[in-house]
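Data from start.csv: CSV, C-alpha atoms
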```csv
chain,number,residue,atom,x,y,z
A,942,MET,CA,-17.9,-0.2,-8.5
A,943,PHE,CA,-16.3,2.6,-10.4
A,944,LYS,CA,-13.9,4.9,-8.5
A,945,GLN,CA,-12.6,8.1,-10.0
A,946,GLN,CA,-9.2,8.6,-8.4
A,947,SER,CA,-6.8,11.4,-9.2
A,948,PRO,CA,-3.1,10.9,-9.6
A,949,TYR,CA,-0.9,11.8,-6.6
A,950,GLN,CA,-3.5,11.0,-4.0
A,951,ILE,CA,-2.8,8.5,-1.3
A,952,VAL,CA,-4.6,5.2,-1.7
A,953,TYR,CA,-4.4,2.0,0.2
A,954,LEU,CA,-4.5,-1.8,-0.5
A,955,GLU,CA,-5.8,-3.8,2.4
A,956,HIS,CA,-5.2,-7.4,3.1
A,957,GLU,CA,-5.9,-9.2,6.3
A,958,ARG,CA,-4.7,-6.8,9.0
A,959,CYS,CA,-2.3,-4.9,6.8
A,960,ARG,CA,-2.6,-1.8,4.7
A,961,LEU,CA,-0.2,-0.7,2.0
A,962,TYR,CA,-0.4,3.0,1.6
A,963,ALA,CA,0.9,4.4,-1.6
A,964,GLU,CA,0.9,7.5,-3.8
A,965,GLU,CA,-1.0,7.0,-7.0
A,966,ILE,CA,1.3,8.1,-9.8
A,967,GLU,CA,-0.9,7.3,-12.8
A,968,VAL,CA,-4.1,5.4,-13.6
A,969,ILE,CA,-3.7,3.2,-16.7
A,970,SER,CA,-7.4,3.3,-17.7
A,971,ASP,CA,-7.3,1.0,-20.7
A,972,ARG,CA,-5.8,-1.8,-18.6
A,973,GLN,CA,-7.7,-0.9,-15.3
A,974,MET,CA,-4.3,-0.7,-13.5
A,975,SER,CA,-2.7,1.8,-11.2
A,976,TRP,CA,0.9,2.8,-11.0
A,977,VAL,CA,1.7,3.4,-7.4
A,978,ARG,CA,4.7,4.4,-5.3
A,979,PRO,CA,4.6,2.7,-1.8
A,980,VAL,CA,4.9,4.9,1.2
A,981,VAL,CA,4.2,2.8,4.3
A,982,LEU,CA,3.0,-0.7,5.3
A,983,ALA,CA,0.8,-0.5,8.4
A,984,THR,CA,-0.5,-3.4,10.5
A,985,ILE,CA,-4.0,-2.6,11.7
A,986,PRO,CA,-4.4,-3.2,15.4
A,987,GLU,CA,-7.0,-5.8,16.6
A,988,PRO,CA,-10.2,-4.3,18.0
A,989,GLY,CA,-9.5,-3.2,21.5
A,990,GLU,CA,-5.7,-2.9,21.0
A,991,SER,CA,-4.1,0.5,21.3
A,992,THR,CA,-3.1,2.3,18.1
A,993,GLN,CA,0.3,2.7,19.8
A,994,LYS,CA,0.9,-0.9,18.7
A,995,ASP,CA,0.8,0.0,15.0
A,996,LYS,CA,3.6,-1.7,13.2
A,997,LEU,CA,4.9,0.6,10.4
A,998,VAL,CA,7.4,-0.1,7.7
A,999,ASP,CA,8.9,2.8,5.8
A,1000,LEU,CA,8.6,1.9,2.1
A,1001,ARG,CA,9.4,5.3,0.5
A,1002,PHE,CA,12.6,4.0,-1.2
A,1003,THR,CA,11.3,0.7,-2.4
A,1004,ALA,CA,10.0,-0.2,-5.9
A,1005,ASP,CA,6.9,1.2,-7.6
A,1006,LEU,CA,4.1,-1.2,-8.3
A,1007,ILE,CA,1.5,-1.6,-11.1
A,1008,TRP,CA,-1.6,-3.3,-9.6
A,1009,PRO,CA,-5.3,-3.6,-10.5
A,1010,GLU,CA,-7.0,-0.3,-9.9
A,1011,SER,CA,-10.1,-1.9,-8.3
A,1012,SER,CA,-7.9,-3.1,-5.4
A,1013,PHE,CA,-7.2,0.4,-4.1
A,1014,GLN,CA,-9.3,2.6,-1.9
A,1015,PRO,CA,-8.7,6.4,-1.4
A,1016,ALA,CA,-7.1,7.0,2.0
A,1017,LEU,CA,-8.7,9.5,4.4
A,1018,ASP,CA,-6.5,12.6,5.1
A,1019,THR,CA,-6.9,12.2,8.8
A,1020,GLU,CA,-5.4,8.7,8.8
A,1021,VAL,CA,-2.6,9.6,6.3
A,1022,ILE,CA,-1.5,12.6,8.3
A,1023,GLY,CA,-1.1,10.5,11.4
A,1024,LEU,CA,0.9,7.8,9.6
A,1025,LEU,CA,3.2,10.3,7.9
A,1026,MET,CA,4.0,11.9,11.2
A,1027,GLN,CA,4.9,8.5,12.7
A,1028,LEU,CA,6.8,7.7,9.5
A,1029,GLU,CA,9.3,10.5,10.0
A,1030,ASP,CA,10.5,8.8,13.2
A,1031,LEU,CA,11.0,5.6,11.3
A,1032,TYR,CA,13.2,7.0,8.5
A,1033,THR,CA,15.0,4.2,6.7
A,1034,PRO,CA,18.1,5.4,4.9
A,1035,PRO,CA,18.2,4.3,1.2
A,1036,ASP,CA,21.3,2.2,1.9
A,1037,ASN,CA,19.5,0.1,4.6
A,1038,LEU,CA,16.4,-1.1,2.6
A,1039,GLN,CA,16.6,-4.9,2.8
A,1040,ASN,CA,14.0,-5.2,5.5
A,1041,ALA,CA,11.6,-2.8,3.8
A,1042,ARG,CA,11.9,-4.6,0.5
A,1043,GLN,CA,11.3,-7.9,2.1
A,1044,GLU,CA,8.2,-6.7,4.0
A,1045,LEU,CA,6.8,-5.2,0.8
A,1046,ARG,CA,7.5,-8.4,-1.2
A,1047,CYS,CA,5.9,-10.6,1.5
A,1048,PHE,CA,2.8,-8.4,1.6
A,1049,ILE,CA,2.5,-8.4,-2.2
A,1050,ASP,CA,3.0,-12.2,-2.3
A,1051,ARG,CA,0.2,-12.7,0.2
A,1052,VAL,CA,-2.2,-10.4,-1.7
A,1053,TRP,CA,-1.3,-12.1,-5.0
A,1054,GLN,CA,-2.0,-15.5,-3.5
A,1055,SER,CA,-5.4,-14.3,-2.4
A,1056,CYS,CA,-6.1,-12.8,-5.8
A,1057,GLN,CA,-5.6,-16.2,-7.4
A,1058,LEU,CA,-8.6,-17.4,-5.4
A,1059,GLN,CA,-10.6,-14.3,-6.4
A,1060,PRO,CA,-10.5,-13.8,-10.2
A,1061,SER,CA,-12.8,-10.8,-10.0
A,1062,LEU,CA,-10.0,-8.8,-8.4
A,1063,THR,CA,-8.1,-8.7,-11.7
A,1064,GLY,CA,-11.2,-7.6,-13.6
A,1065,ASP,CA,-11.7,-11.0,-15.4
```
Rewritten as structure tokens:
Amino acid sequence: MFKQQSPYQIVYLEHERCRLYAEEIEVISDRQMSWVRPVVLATIPEPGESTQKDKLVDLRFTADLIWPESSFQPALDTEVIGLLMQLEDLYTPPDNLQNARQELRCFIDRVWQSCQLQPSLTGD
């Protein structure tokens, strides 16, 4: 499936019950990769759970990622606006980033492990 995504839009990478929302900085077309800047990691509530139980991790000051473009989906404005409003209450100062970095690393490790089982994710 071909997706035309424009730079600077918000996209997400979903794995299990988590979504990594990120700002797409650039699409590296010849390598089928995206350069993204993480914004927030959100745990998706179970069906029937209140959305009040969303677990959000502020990732705005963590490292950028380069990841296969086919893994990302464009995020809907309506969901992003709600997350950004909640995110302002969670502001993580740049000098207190250890937890955010660890959460991002764990999420990426889990996604990477699942990619190893699904070679089509990398475009092979």
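Reported to one decimal place, the separation of CA of Asp1036 in chain A from CA of Cys959 in chain A is 25.1 Å.
Using all atoms listed in the file for every distance, the candidate list A:Glu1020, A:Ala1041, A:Gln1057, A:Pro1009 yields A:Pro1009 as the residue closest to Gln973 in chain A.
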- Message: Nearest residue to Glu967 in chain A out of A:Leu954, A:Ala1016, A:Glu1010, A:Val1021, using all atoms listed in the file?
- Response: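 Selected residue with least distance to Glu967 in chain A: A:Glu1010.
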- Would you please work out which residue, of A:Gly989, A:Thr984, A:Val1052, A:Arg1001, is nearest to Glu964 in chain A when using all atoms listed in the file?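 Comparing A:Gly989, A:Thr984, A:Val1052, A:Arg1001 against Glu964 in chain A, the winner is A:Arg1001.
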- Pick from A:Glu1029, A:Gln1039, A:Arg958, A:Trp1053: nearest to Pro986 in chain A, with only C-alpha atoms counted? A:Arg958
- What is the CA of Ile969 in chain A to CA of Thr1003 in chain A distance in Å?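 Those two atoms sit 20.9 Å apart.
If you measure from each of A:Glu1044, A:Val968, A:Thr1019, A:Leu982 to Glu955 in chain A using only C-alpha atoms, the closest one turns out to be A:Leu982.
One finds CA of Gln950 in chain A at 7.4 Å from CA of Pro1015 in chain A.
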- Query: Looking at all atoms listed in the file, which of A:Leu997, A:Ile1007, A:Met1026, A:Ile966 is the one that sits closest to Ile951 in chain A?
  - Reply: A:Ile966
- Item | Test item: residues at most 7 Å from Val981 in chain A, all atoms listed in the file, excluding those fewer than 3 positions along its chain, as number ranges by chain | A: 961-963, 997-1001
Could you write those residues out with C-alpha atoms, as a PDB file, in the coordinates of the input?
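Result file is result03.pdb:
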```pdb
ATOM      1  CA  LEU A 961      -0.200  -0.700   2.000  1.00  0.00           C
ATOM      2  CA  TYR A 962      -0.400   3.000   1.600  1.00  0.00           C
ATOM      3  CA  ALA A 963       0.900   4.400  -1.600  1.00  0.00           C
ATOM      4  CA  LEU A 997       4.900   0.600  10.400  1.00  0.00           C
ATOM      5  CA  VAL A 998       7.400  -0.100   7.700  1.00  0.00           C
ATOM      6  CA  ASP A 999       8.900   2.800   5.800  1.00  0.00           C
ATOM      7  CA  LEU A1000       8.600   1.900   2.100  1.00  0.00           C
ATOM      8  CA  ARG A1001       9.400   5.300   0.500  1.00  0.00           C
TER       9      ARG A1001
END
```
